[in-house]
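Report on the following structure.
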Amino acid sequence: MQLIRARPCALAIVAALLLIGPSNAQGVFDLGRQIDGYAAVAPDRTFAFPDDHGPHDGYRVEWWYLTANLEAEDGRRFGVQWTLFRIRMAPPGEADDAGAWRSPYVFMGHAGLTSGDAHFSAERFARADTGQADVAAAPAFEAFIDEWRFAADDASGDGLRTASVSAGGKDFSYALDLTATGPIVLQGEGGYSRKSPGPQASYYYSQPFFDADGEIVIDGEPVAVTGKAWMDREWSSQLLRETQSGWDWLSLHFDDGDKAMLFRLRDGTEGDYFAGTWIGADGTARPIAREEISFEPLARRRKGRARVPIAWRVQAGDRRERLRIEALNPDAFMATSFPYWEGPVTISGDRTGVGYLEMTGY
Amino acid sequence: MGAAVAFATLLSHWRRRPWQGVMLVVGLAAATALFSGVQALNFQARLNYDQAERQLGGGGLAAYVAPSGAAFDEAAFAALRRRGVLVSPVVEGRVVIGSDAFTVLGIDPATAPRDAAVGGLSAQGDDGPAPATFLTPPYAMLAAPETVRILSGARETAEGAPLPPSREASGIAPFTLVMDIGAAQGLLNKKGALTRLLVVDDAGAPDRIEAAGVDLIRVDVGDAGGAGALTGSFHLNLTAFGFLSFLVGLLIVRSAAGLAFEQRVATLRTMRASGVTTAQLTVAIVCEALAAALIAGGLGVLAGYAVAAVILPDVALTLRGLYGANVSGELVVRPVWVALALAMSVAGALAASAAGVVRLRSLSVLDAAKPHLWMRAAGRAARRDGALAAGACLIALLALMVGDGLIAGFVILGAALLAAALALPPALGWIAARLEAQADGAVARWFWADARQQLPSLALALQALMIALAANIGVGAMVGSFRDTFVGWLDQRLAAEAFIRLGPTVDGDELDGWLAQLPDVVRTLPFGSVSSRINGAPVSLLGFVDDETYRDNWPLLAAADAPWRRVADGEAVLINEQMFRRRNISVGDTLEIMSPAGPWPVVVAGVYSDYGNPAGEAMANIEAVAARWPEFNPRFRQIRLSASDESDAVRRFMQDAISQFDLDEDAIIDQKSLKAFSVSVFERTFSVTAALNVLTLAVSGVAMLTALSALSAARLTMLAPAWAMGLTRDRLAGLDFARTIALSALTAAAAIPVGVVIAWVLTAIVNVEAFGWRLPLRHYPADWARLAAIAIVIAGLASAPSALSLRRASSGDLLKAFSAER
């Protein structure tokens, strides 16, 4: 069976860290398999902010994901990624314990910075309850691993009105101030995001309306930047179906102020699964039906054995708008424990704008 | 006739004299065995040091540790990570399970350097438990397969702490248990404590460390001095022993090969006369030597492996005891040492047959087979050997005067042994001649004359015996001197009645307060150490309280006036002998010690001996140290008790302290136990030396047996006239036996002064170079007597078969001697 190199495969990374070969690891990271005991994801959940910005116990995986499309005064364009995963290593049970080195949770952080001709990435791991990494909704939202930090300035409103984010690695760093200009958006059916026709689903909400302003340091050169940022929050215990091999995921900022989130879960056996949301400039969200989305790769980039699409023709919505999506930098491969592609894209066609593309499992 | 036929003809000799062949092979095999055995030990140890070094240093990474070297609060880990200092926590300690001590290594897989082999595990390994099993209770414990076998399913430590389930994992150093840091903290009773933070990424670390406000200092891998560096001298000694054994073995081979050549001279001449060229004969002889070398070398490697496997557990104990270096008790076969051993065997066989080849070149075809002129030949050999001995003596003297370092020490040893060995036959010949001159009666004179006649044939065996004896005497004197000095020194230095090491959770002030109110406690002497540099070299600086315990008991090798008062005043320090010798620092010199408060100039007031410590060390007044190292926190206490002799009272005090402060059992120790422990470490250190001594003696015994049995056939010819003149076979056998005993006794007597010289070189040169301290040399005449007795017993055993066969010889055999005469 093919390795699943999706975001939820963080467990596999921890497994790799612990020197487990793929054959042993199969049962551990296979998020497509139902493992009894984890908290289940069900429709009709009531979301509450800022509380839901904090971690949710009992689920197998949860993440805080921020991407930003940035531009310098001289017109150079950049992309920034900040991600923190919280992974539960075993189902809740009698052996549950808390305290340093005893928690069943581990954190994994990824940071990326992409320019037109360079791409940087870094990765961090941490155990929960050691003070090295944590997430809290109160007194104000804060998520950190080592010196990387994503935090709200206060808990007013939905708890994410103004925030700051920073991270860095070898030869790059960034620090951005974020200001929300629109509301938090629930993805899928009121925050219940299906990943297959079966029971696979997650809780999923976004803040796609961040204005970003700050500084990046690239190869020692500080560059002042401004742009748009998008935050995703997602948690689940059974995210993928066993036959799904990876995904292609898009967050799009159109120049007219609208936004869109689109994804395709590739499934060679049962057929691909599509989902998405149109988000109006005023924050109204409308799920896009599976049949209203199509993804067509136009060009690919080879990396090792993987051939990753770096230009797409995407059609979406009841008007079947035709969008051409092109990577700012085709080489935005994340050099993390489990490699994937993540970078800024340019939109042309029926609408124009910028966005972020993530592709896993190639 | 070609080389092949010549080769076959040469080999036919061994069919007629199979025992000579056996001896040749046994000698070469024994030499190879000892050499390859020692090499196997060295290879195994190095392999394990590498594992241990990678493991402790996290693959050659620098680390942050507490200045005192003690455990520290794990909060420092998160504090540094939050400032972007990428470090990975490690907690390390020892536990006793059953009767063995194990190193527990607690790691955090989440932050451990990915490409480094923390815990000796390589990142590419394919064995290991699932993350949840490793990272959360009840955790898992990884250990080398051999270690898992030693654990044999143990479920708890000697102290009753439950062990995580063990799993086999390759690449972990022996006697090491790798587990999650959470499990290790629990097992070591170090909850919330770390022993080091491995530096994963260095960028910007120094500034951020300061900003994080943690009280840690950085140690680089080289500073810690890996097991490899510490044990280098030990392995050099082993190697030297290996060579010595090889040389002794070669003497056997030389004697067998020489004899075989002597007996084949007639055959060789006949072959030359039949048209075989010298070159063809040379090729044949070399081929024969190579064949013998490969057969014997193969056997030797097998035997060497067996020797190493038997000795290895002892070596492992020694290395663990003396240096804390873990060496596996299981031997791994390395192609390198097998190849090396075979190469040595071939080189040895070629060297042994070289003399034959040289003789072959001067062999005249027309030279009639004259009766051997023993005396003239012996006289020539004696003059040649005498000259060579003088040359070797000169080399030894030159090395002594000009040479420097450990290598010079071994050159002196080698040259002195060679000189002594070469001088032995002429010396014995001279003594026998004097005794012959003074002897009364024909039989007595014949006895000594015959002894002189036998000397050339026995020379090599006697030389081997002498080398073995001299090495035994020398090494024995060194070990004995060391032991006596060490025990005396321990008696002086460990004057306090009890010693306490404070764990990270024990409050020093609270402990001192509690101690002060105990009626039995006379004084509490805190001490602790900081890492520093003196004149650029890393040292451990010990802060101590001025007290009569030190003034009365610490032996100083050299001192200025009132050294203790000057140290108490904070203007001077004492340095250990290792610094004194290695850095060429003298009493009265001014040193500059690096401290956080800037350079601290101090005068050297004295030098103290510090046996067993491989590193440089200095002692300073505790307040002076505290004033300059803000983080200095003395974690050790020497306790003077009024009830010094009553061990019950000491034990009671210790139990009170343990229960009052929840001390680890090993955190407090009484004087008697500490001394016993130190001495046991010492004893184990030299158990290997003893084993190798016995082996060298055994090899020399084989040499003697070879020489005598080879002689026994030829002896009949020489003894036949004496028999014909009326000496009975019993009498002849008795005299023959006595002659060997007498020669051995003389050899033993000659070995004593040589042994004393070796002992002197070992203590005055080799030891100082290898360990950094000098021992007062003592002599042990009882050992000499014991060794001489052993030598005589060996000679007796070796000559018994030929004496017996002489007794059993028929008149016909003896008569044949005359019929054979031309």
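Each chain of the structure tokens is named A, B, ... in the order shown, its residues numbered from 1; ligands are numbered from 1 in display order.
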
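Residues surrounding Ala303 of chain B within 12 Å are Val26, Leu28, Ala29, Ala30, Ala31, Thr32, Ala33, Leu34, Phe35, Ser36, Gly37, Val38, Ala40, Ala296, Gly297, Gly298, Leu299, Gly300, Val301, Tyr305, Ala306, Val307, Ala308, Ala309, Val310, Val338 and Ala341 of chain B [only C-alpha atoms; sequence separation below 2 positions excluded].
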
Using the selection just defined, write its residues with C-alpha atoms as an mmCIF file, in the first residue's frame.
```
data_model
loop_
_atom_site.group_PDB
_atom_site.id
_atom_site.type_symbol
_atom_site.label_atom_id
_atom_site.label_comp_id
_atom_site.auth_asym_id
_atom_site.auth_seq_id
_atom_site.Cartn_x
_atom_site.Cartn_y
_atom_site.Cartn_z
ATOM 1 C CA VAL B 26 52.161 -24.681 17.722
ATOM 2 C CA LEU B 28 53.654 -19.901 15.424
ATOM 3 C CA ALA B 29 50.021 -20.464 16.323
ATOM 4 C CA ALA B 30 50.659 -19.515 19.944
ATOM 5 C CA ALA B 31 52.456 -16.341 18.908
ATOM 6 C CA THR B 32 49.671 -15.432 16.513
ATOM 7 C CA ALA B 33 47.029 -16.336 19.066
ATOM 8 C CA LEU B 34 48.378 -14.022 21.726
ATOM 9 C CA PHE B 35 48.924 -11.218 19.292
ATOM 10 C CA SER B 36 45.567 -11.553 17.577
ATOM 11 C CA GLY B 37 43.794 -12.049 20.888
ATOM 12 C CA VAL B 38 45.082 -8.729 22.147
ATOM 13 C CA ALA B 40 40.683 -8.512 19.080
ATOM 14 C CA ALA B 296 49.542 -21.875 12.027
ATOM 15 C CA GLY B 297 48.122 -18.376 11.494
ATOM 16 C CA GLY B 298 44.655 -19.787 10.934
ATOM 17 C CA LEU B 299 44.901 -21.902 14.059
ATOM 18 C CA GLY B 300 46.356 -18.912 15.888
ATOM 19 C CA VAL B 301 43.473 -16.671 14.911
ATOM 20 C CA TYR B 305 39.640 -15.475 19.390
ATOM 21 C CA ALA B 306 39.219 -17.992 22.179
ATOM 22 C CA VAL B 307 41.817 -16.227 24.351
ATOM 23 C CA ALA B 308 40.155 -12.860 23.752
ATOM 24 C CA ALA B 309 36.712 -14.256 24.461
ATOM 25 C CA VAL B 310 37.960 -15.632 27.756
ATOM 26 C CA VAL B 338 42.057 -11.548 11.345
ATOM 27 C CA ALA B 341 47.052 -11.606 12.670
#
```

**Report entry** Spatial neighbours of segment 780-791 of chain B, 9 Å, only C-alpha atoms, chain gap at least 6 places, as a ChimeraX atom specification
**Finding:** /B:465-466,469,472-473,476-477,480-481,697,701,741,744-745,747-749,751-752

From a backbone DSSP assignment, name each residue in segment 63-203 of chain A labelled strand (DSSP E or B), as a JSON list (two decimals) with N, CA and C atoms, in the first residue's frame.
```json
[["chain", "number", "residue", "atom", "x", "y", "z"],
["A", 63, "TRP", "N", -4.87, 20.87, 13.92],
["A", 63, "TRP", "CA", -3.83, 21.80, 13.49],
["A", 63, "TRP", "C", -4.26, 23.25, 13.43],
["A", 64, "TRP", "N", -3.25, 24.09, 13.51],
["A", 64, "TRP", "CA", -3.38, 25.55, 13.38],
["A", 64, "TRP", "C", -2.50, 25.90, 12.19],
["A", 65, "TYR", "N", -3.11, 26.46, 11.14],
["A", 65, "TYR", "CA", -2.42, 26.55, 9.85],
["A", 65, "TYR", "C", -2.57, 27.97, 9.33],
["A", 66, "LEU", "N", -1.48, 28.63, 9.09],
["A", 66, "LEU", "CA", -1.57, 29.98, 8.56],
["A", 66, "LEU", "C", -0.70, 30.09, 7.32],
["A", 67, "THR", "N", -1.31, 30.65, 6.25],
["A", 67, "THR", "CA", -0.52, 30.94, 5.05],
["A", 67, "THR", "C", -0.73, 32.40, 4.70],
["A", 68, "ALA", "N", 0.28, 33.02, 4.11],
["A", 68, "ALA", "CA", 0.16, 34.44, 3.76],
["A", 68, "ALA", "C", 0.78, 34.68, 2.39],
["A", 69, "ASN", "N", 0.08, 35.47, 1.58],
["A", 69, "ASN", "CA", 0.62, 35.94, 0.30],
["A", 69, "ASN", "C", 1.08, 37.37, 0.50],
["A", 70, "LEU", "N", 2.37, 37.60, 0.33],
["A", 70, "LEU", "CA", 2.95, 38.88, 0.70],
["A", 70, "LEU", "C", 3.63, 39.54, -0.49],
["A", 71, "GLU", "N", 3.80, 40.86, -0.37],
["A", 71, "GLU", "CA", 4.46, 41.60, -1.44],
["A", 71, "GLU", "C", 5.34, 42.68, -0.84],
["A", 72, "ALA", "N", 6.53, 42.83, -1.37],
["A", 72, "ALA", "CA", 7.43, 43.89, -0.91],
["A", 72, "ALA", "C", 7.14, 45.16, -1.69],
["A", 77, "ARG", "N", 7.23, 39.17, -4.75],
["A", 77, "ARG", "CA", 6.17, 38.46, -4.04],
["A", 77, "ARG", "C", 6.75, 37.31, -3.23],
["A", 78, "PHE", "N", 6.10, 37.06, -2.10],
["A", 78, "PHE", "CA", 6.55, 36.01, -1.19],
["A", 78, "PHE", "C", 5.36, 35.24, -0.64],
["A", 79, "GLY", "N", 5.64, 34.07, -0.15],
["A", 79, "GLY", "CA", 4.63, 33.30, 0.58],
["A", 79, "GLY", "C", 5.20, 32.84, 1.90],
["A", 80, "VAL", "N", 4.33, 32.78, 2.90],
["A", 80, "VAL", "CA", 4.77, 32.37, 4.23],
["A", 80, "VAL", "C", 3.82, 31.31, 4.76],
["A", 81, "GLN", "N", 4.37, 30.31, 5.43],
["A", 81, "GLN", "CA", 3.54, 29.26, 6.04],
["A", 81, "GLN", "C", 3.92, 29.08, 7.50],
["A", 82, "TRP", "N", 2.93, 28.93, 8.34],
["A", 82, "TRP", "CA", 3.16, 28.65, 9.78],
["A", 82, "TRP", "C", 2.18, 27.58, 10.19],
["A", 83, "THR", "N", 2.67, 26.44, 10.65],
["A", 83, "THR", "CA", 1.77, 25.34, 10.98],
["A", 83, "THR", "C", 2.16, 24.68, 12.29],
["A", 84, "LEU", "N", 1.16, 24.37, 13.08],
["A", 84, "LEU", "CA", 1.41, 23.58, 14.29],
["A", 84, "LEU", "C", 0.41, 22.43, 14.33],
["A", 85, "PHE", "N", 0.93, 21.22, 14.42],
["A", 85, "PHE", "CA", 0.08, 20.04, 14.54],
["A", 85, "PHE", "C", 0.13, 19.56, 15.99],
["A", 86, "ARG", "N", -0.99, 19.10, 16.47],
["A", 86, "ARG", "CA", -1.03, 18.45, 17.79],
["A", 86, "ARG", "C", -1.54, 17.04, 17.54],
["A", 87, "ILE", "N", -0.74, 16.05, 17.91],
["A", 87, "ILE", "CA", -1.03, 14.67, 17.53],
["A", 87, "ILE", "C", -1.16, 13.82, 18.78],
["A", 88, "ARG", "N", -2.20, 13.04, 18.82],
["A", 88, "ARG", "CA", -2.39, 12.13, 19.93],
["A", 88, "ARG", "C", -1.84, 10.76, 19.52],
["A", 105, "TYR", "N", 0.27, 13.51, 23.93],
["A", 105, "TYR", "CA", 0.29, 14.42, 22.79],
["A", 105, "TYR", "C", 1.71, 14.83, 22.41],
["A", 106, "VAL", "N", 1.94, 14.94, 21.09],
["A", 106, "VAL", "CA", 3.18, 15.55, 20.61],
["A", 106, "VAL", "C", 2.81, 16.66, 19.63],
["A", 107, "PHE", "N", 3.70, 17.63, 19.54],
["A", 107, "PHE", "CA", 3.49, 18.74, 18.60],
["A", 107, "PHE", "C", 4.50, 18.65, 17.47],
["A", 108, "MET", "N", 4.07, 19.10, 16.28],
["A", 108, "MET", "CA", 4.99, 19.20, 15.15],
["A", 108, "MET", "C", 4.76, 20.55, 14.50],
["A", 109, "GLY", "N", 5.81, 21.30, 14.31],
["A", 109, "GLY", "CA", 5.68, 22.62, 13.67],
["A", 109, "GLY", "C", 6.38, 22.63, 12.32],
["A", 110, "HIS", "N", 5.75, 23.29, 11.34],
["A", 110, "HIS", "CA", 6.40, 23.50, 10.05],
["A", 110, "HIS", "C", 6.37, 24.99, 9.75],
["A", 111, "ALA", "N", 7.47, 25.49, 9.23],
["A", 111, "ALA", "CA", 7.48, 26.88, 8.79],
["A", 111, "ALA", "C", 8.07, 26.93, 7.39],
["A", 112, "GLY", "N", 7.54, 27.81, 6.57],
["A", 112, "GLY", "CA", 8.05, 27.93, 5.20],
["A", 112, "GLY", "C", 8.09, 29.38, 4.76],
["A", 113, "LEU", "N", 9.00, 29.68, 3.88],
["A", 113, "LEU", "CA", 9.07, 31.00, 3.26],
["A", 113, "LEU", "C", 9.46, 30.78, 1.80],
["A", 114, "THR", "N", 8.63, 31.35, 0.89],
["A", 114, "THR", "CA", 8.87, 31.12, -0.53],
["A", 114, "THR", "C", 8.97, 32.46, -1.25],
["A", 115, "SER", "N", 9.98, 32.57, -2.09],
["A", 115, "SER", "CA", 10.05, 33.72, -3.00],
["A", 115, "SER", "C", 9.97, 33.17, -4.42],
["A", 119, "HIS", "N", 13.12, 28.81, -1.81],
["A", 119, "HIS", "CA", 12.13, 28.25, -0.89],
["A", 119, "HIS", "C", 12.86, 27.73, 0.35],
["A", 120, "PHE", "N", 12.36, 28.10, 1.52],
["A", 120, "PHE", "CA", 12.98, 27.66, 2.77],
["A", 120, "PHE", "C", 11.92, 26.95, 3.61],
["A", 121, "SER", "N", 12.36, 25.93, 4.34],
["A", 121, "SER", "CA", 11.41, 25.31, 5.26],
["A", 121, "SER", "C", 12.13, 24.83, 6.50],
["A", 122, "ALA", "N", 11.38, 24.68, 7.58],
["A", 122, "ALA", "CA", 11.96, 24.21, 8.83],
["A", 122, "ALA", "C", 10.90, 23.39, 9.55],
["A", 123, "GLU", "N", 11.37, 22.55, 10.45],
["A", 123, "GLU", "CA", 10.47, 21.63, 11.14],
["A", 123, "GLU", "C", 10.88, 21.50, 12.60],
["A", 124, "ARG", "N", 9.92, 21.46, 13.48],
["A", 124, "ARG", "CA", 10.21, 21.28, 14.91],
["A", 124, "ARG", "C", 9.26, 20.24, 15.50],
["A", 125, "PHE", "N", 9.75, 19.53, 16.51],
["A", 125, "PHE", "CA", 8.90, 18.59, 17.23],
["A", 125, "PHE", "C", 8.96, 18.90, 18.72],
["A", 126, "ALA", "N", 7.91, 18.58, 19.43],
["A", 126, "ALA", "CA", 7.90, 18.81, 20.87],
["A", 126, "ALA", "C", 6.90, 17.89, 21.54],
["A", 127, "ARG", "N", 7.19, 17.57, 22.78],
["A", 127, "ARG", "CA", 6.24, 16.83, 23.60],
["A", 127, "ARG", "C", 5.33, 17.84, 24.28],
["A", 133, "ALA", "N", 6.14, 23.50, 23.81],
["A", 133, "ALA", "CA", 5.10, 23.81, 22.82],
["A", 133, "ALA", "C", 3.75, 23.69, 23.50],
["A", 134, "ASP", "N", 2.82, 24.55, 23.10],
["A", 134, "ASP", "CA", 1.48, 24.45, 23.68],
["A", 134, "ASP", "C", 0.52, 25.33, 22.89],
["A", 135, "VAL", "N", -0.75, 25.12, 23.12],
["A", 135, "VAL", "CA", -1.78, 25.98, 22.54],
["A", 135, "VAL", "C", -2.79, 26.25, 23.63],
["A", 136, "ALA", "N", -3.26, 27.52, 23.70],
["A", 136, "ALA", "CA", -4.29, 27.84, 24.68],
["A", 136, "ALA", "C", -5.22, 28.89, 24.07],
["A", 142, "GLU", "N", -3.03, 31.58, 22.00],
["A", 142, "GLU", "CA", -1.58, 31.51, 21.79],
["A", 142, "GLU", "C", -1.19, 30.09, 21.41],
["A", 143, "ALA", "N", -0.42, 29.96, 20.35],
["A", 143, "ALA", "CA", 0.13, 28.66, 19.95],
["A", 143, "ALA", "C", 1.62, 28.86, 19.75],
["A", 144, "PHE", "N", 2.42, 27.96, 20.32],
["A", 144, "PHE", "CA", 3.87, 28.12, 20.12],
["A", 144, "PHE", "C", 4.56, 26.77, 20.12],
["A", 145, "ILE", "N", 5.66, 26.73, 19.43],
["A", 145, "ILE", "CA", 6.61, 25.62, 19.55],
["A", 145, "ILE", "C", 7.99, 26.26, 19.46],
["A", 148, "TRP", "N", 8.86, 29.80, 17.80],
["A", 148, "TRP", "CA", 7.82, 30.09, 16.82],
["A", 148, "TRP", "C", 6.52, 30.35, 17.58],
["A", 149, "ARG", "N", 5.81, 31.40, 17.13],
["A", 149, "ARG", "CA", 4.63, 31.77, 17.92],
["A", 149, "ARG", "C", 3.57, 32.34, 17.01],
["A", 150, "PHE", "N", 2.34, 31.99, 17.29],
["A", 150, "PHE", "CA", 1.17, 32.55, 16.61],
["A", 150, "PHE", "C", 0.21, 32.89, 17.74],
["A", 151, "ALA", "N", -0.09, 34.19, 17.94],
["A", 151, "ALA", "CA", -0.87, 34.55, 19.12],
["A", 151, "ALA", "C", -1.73, 35.77, 18.83],
["A", 152, "ALA", "N", -2.92, 35.76, 19.43],
["A", 152, "ALA", "CA", -3.81, 36.92, 19.35],
["A", 152, "ALA", "C", -3.35, 37.95, 20.37],
["A", 162, "THR", "N", -6.85, 40.76, 16.16],
["A", 162, "THR", "CA", -5.47, 41.12, 15.82],
["A", 162, "THR", "C", -4.55, 40.06, 16.41],
["A", 163, "ALA", "N", -3.52, 39.76, 15.67],
["A", 163, "ALA", "CA", -2.62, 38.69, 16.12],
["A", 163, "ALA", "C", -1.23, 38.93, 15.53],
["A", 164, "SER", "N", -0.29, 38.11, 15.94],
["A", 164, "SER", "CA", 1.04, 38.18, 15.33],
["A", 164, "SER", "C", 1.55, 36.75, 15.15],
["A", 165, "VAL", "N", 2.43, 36.59, 14.18],
["A", 165, "VAL", "CA", 2.96, 35.26, 13.91],
["A", 165, "VAL", "C", 4.44, 35.39, 13.55],
["A", 166, "SER", "N", 5.23, 34.48, 14.06],
["A", 166, "SER", "CA", 6.66, 34.53, 13.75],
["A", 166, "SER", "C", 7.24, 33.12, 13.76],
["A", 167, "ALA", "N", 8.26, 32.94, 12.95],
["A", 167, "ALA", "CA", 8.99, 31.67, 12.91],
["A", 167, "ALA", "C", 10.27, 31.89, 12.13],
["A", 168, "GLY", "N", 11.09, 30.90, 12.09],
["A", 168, "GLY", "CA", 12.33, 31.01, 11.33],
["A", 168, "GLY", "C", 13.05, 29.69, 11.28],
["A", 169, "GLY", "N", 14.03, 29.65, 10.44],
["A", 169, "GLY", "CA", 14.87, 28.46, 10.31],
["A", 169, "GLY", "C", 16.18, 28.90, 9.69],
["A", 172, "PHE", "N", 16.30, 31.94, 7.03],
["A", 172, "PHE", "CA", 15.05, 32.71, 6.85],
["A", 172, "PHE", "C", 14.35, 32.92, 8.19],
["A", 173, "SER", "N", 13.54, 33.97, 8.23],
["A", 173, "SER", "CA", 12.64, 34.16, 9.36],
["A", 173, "SER", "C", 11.58, 35.15, 8.94],
["A", 174, "TYR", "N", 10.53, 35.21, 9.71],
["A", 174, "TYR", "CA", 9.50, 36.21, 9.41],
["A", 174, "TYR", "C", 8.76, 36.57, 10.69],
["A", 175, "ALA", "N", 8.20, 37.78, 10.70],
["A", 175, "ALA", "CA", 7.37, 38.23, 11.82],
["A", 175, "ALA", "C", 6.29, 39.14, 11.21],
["A", 176, "LEU", "N", 5.04, 38.74, 11.40],
["A", 176, "LEU", "CA", 3.94, 39.47, 10.76],
["A", 176, "LEU", "C", 2.91, 39.86, 11.81],
["A", 177, "ASP", "N", 2.31, 41.06, 11.61],
["A", 177, "ASP", "CA", 1.13, 41.43, 12.39],
["A", 177, "ASP", "C", -0.09, 41.15, 11.53],
["A", 178, "LEU", "N", -1.13, 40.61, 12.15],
["A", 178, "LEU", "CA", -2.32, 40.21, 11.40],
["A", 178, "LEU", "C", -3.53, 40.98, 11.93],
["A", 179, "THR", "N", -4.34, 41.48, 11.02],
["A", 179, "THR", "CA", -5.57, 42.17, 11.42],
["A", 179, "THR", "C", -6.72, 41.57, 10.62],
["A", 180, "ALA", "N", -7.74, 41.08, 11.35],
["A", 180, "ALA", "CA", -8.87, 40.45, 10.66],
["A", 180, "ALA", "C", -9.81, 41.55, 10.15],
["A", 185, "VAL", "N", -15.04, 31.87, 9.32],
["A", 185, "VAL", "CA", -15.93, 31.17, 8.40],
["A", 185, "VAL", "C", -15.92, 29.68, 8.73],
["A", 186, "LEU", "N", -17.12, 29.07, 8.89],
["A", 186, "LEU", "CA", -17.19, 27.63, 9.12],
["A", 186, "LEU", "C", -17.18, 26.93, 7.76],
["A", 189, "GLU", "N", -20.37, 21.76, 6.21],
["A", 189, "GLU", "CA", -21.73, 21.97, 6.71],
["A", 189, "GLU", "C", -21.64, 22.49, 8.12],
["A", 192, "TYR", "N", -18.59, 21.18, 9.75],
["A", 192, "TYR", "CA", -18.42, 19.74, 9.59],
["A", 192, "TYR", "C", -17.99, 19.48, 8.16],
["A", 193, "SER", "N", -16.71, 19.14, 7.98],
["A", 193, "SER", "CA", -16.16, 19.04, 6.64],
["A", 193, "SER", "C", -15.96, 17.58, 6.27],
["A", 194, "ARG", "N", -16.78, 17.13, 5.30],
["A", 194, "ARG", "CA", -16.68, 15.74, 4.87],
["A", 194, "ARG", "C", -15.43, 15.54, 4.01],
["A", 201, "ALA", "N", -14.35, 12.70, 8.14],
["A", 201, "ALA", "CA", -14.69, 14.12, 8.22],
["A", 201, "ALA", "C", -13.85, 14.79, 9.28],
["A", 202, "SER", "N", -13.87, 16.12, 9.27],
["A", 202, "SER", "CA", -13.17, 16.87, 10.30],
["A", 202, "SER", "C", -14.03, 18.07, 10.70],
["A", 203, "TYR", "N", -13.66, 18.65, 11.87],
["A", 203, "TYR", "CA", -14.19, 19.98, 12.18],
["A", 203, "TYR", "C", -13.23, 20.96, 11.55]]
```

Report summary line: In Å and to one decimal, atom CA of Ala101 of chain B is distant from atom CA of Val333 of chain B by 26.0 Å

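Within 9 Å of Asp51 of chain A, once only C-alpha atoms are used and residues closer than 6 positions along the same chain are dropped, the contacting residues are A:Ala136, A:Ala137, A:Ala138, A:Phe141, A:Asp158, A:Gly159.
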
Requested in this report: Might you pull out every residue within 7 Å of Ala733 of chain B, with only C-alpha atoms counted and same-chain residues fewer than 6 positions away left off, and present them as a ChimeraX atom specification?
Outcome: /B:803-804,806-807

Dump N, CA and C atoms for the selected residues as a compact mmCIF listing (two decimals), in the first residue's frame?
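Final file, part07.txt:
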```
# COMPACT_ATOMS: atom_id res chain seq x y z
N ALA B 803 63.98 -36.77 29.51
CA ALA B 803 64.69 -37.54 30.53
C ALA B 803 64.11 -38.94 30.61
N LEU B 804 62.77 -39.00 30.54
CA LEU B 804 62.11 -40.31 30.61
C LEU B 804 62.50 -41.18 29.42
N LEU B 806 65.15 -41.05 27.76
CA LEU B 806 66.53 -41.47 27.93
C LEU B 806 66.61 -42.69 28.84
N ARG B 807 65.80 -42.60 29.94
CA ARG B 807 65.79 -43.73 30.88
C ARG B 807 65.32 -44.99 30.17
```

Query raised in the report: Quick one: distance from atom CA of Ile622 of chain B to atom CA of Phe544 of chain B in Å, one decimal?
Result: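 Straight-line distance from atom CA of Ile622 of chain B to atom CA of Phe544 of chain B works out to 4.6 Å.
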
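Nearest to chain B of all the residues A:Ala224, A:Ala100, A:Ala48, A:Ala335 is A:Ala100, counting only C-alpha atoms.
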
Query - Exercise: Val90 of chain B partners within 6 Å, only C-alpha atoms, chain neighbours under 2 positions left out, as a list in words - result: Gly106, Ile107, Leu194, Arg196 and Leu197 of chain B

Using the selection just defined, write its residues with N, CA and C atoms as a CSV table (one decimal), in the first residue's frame.
```csv
chain,number,residue,atom,x,y,z
B,106,GLY,N,18.3,8.6,29.2
B,106,GLY,CA,16.9,9.0,28.9
B,106,GLY,C,17.0,10.1,27.8
B,107,ILE,N,16.3,9.9,26.7
B,107,ILE,CA,16.3,10.9,25.6
B,107,ILE,C,14.9,11.3,25.2
B,194,LEU,N,17.4,17.1,34.6
B,194,LEU,CA,18.2,16.7,33.4
B,194,LEU,C,19.7,16.7,33.8
B,196,ARG,N,22.1,16.8,30.9
B,196,ARG,CA,22.7,17.6,29.9
B,196,ARG,C,21.7,18.0,28.8
B,197,LEU,N,22.0,19.1,28.1
B,197,LEU,CA,21.2,19.5,27.0
B,197,LEU,C,22.1,19.4,25.7
```
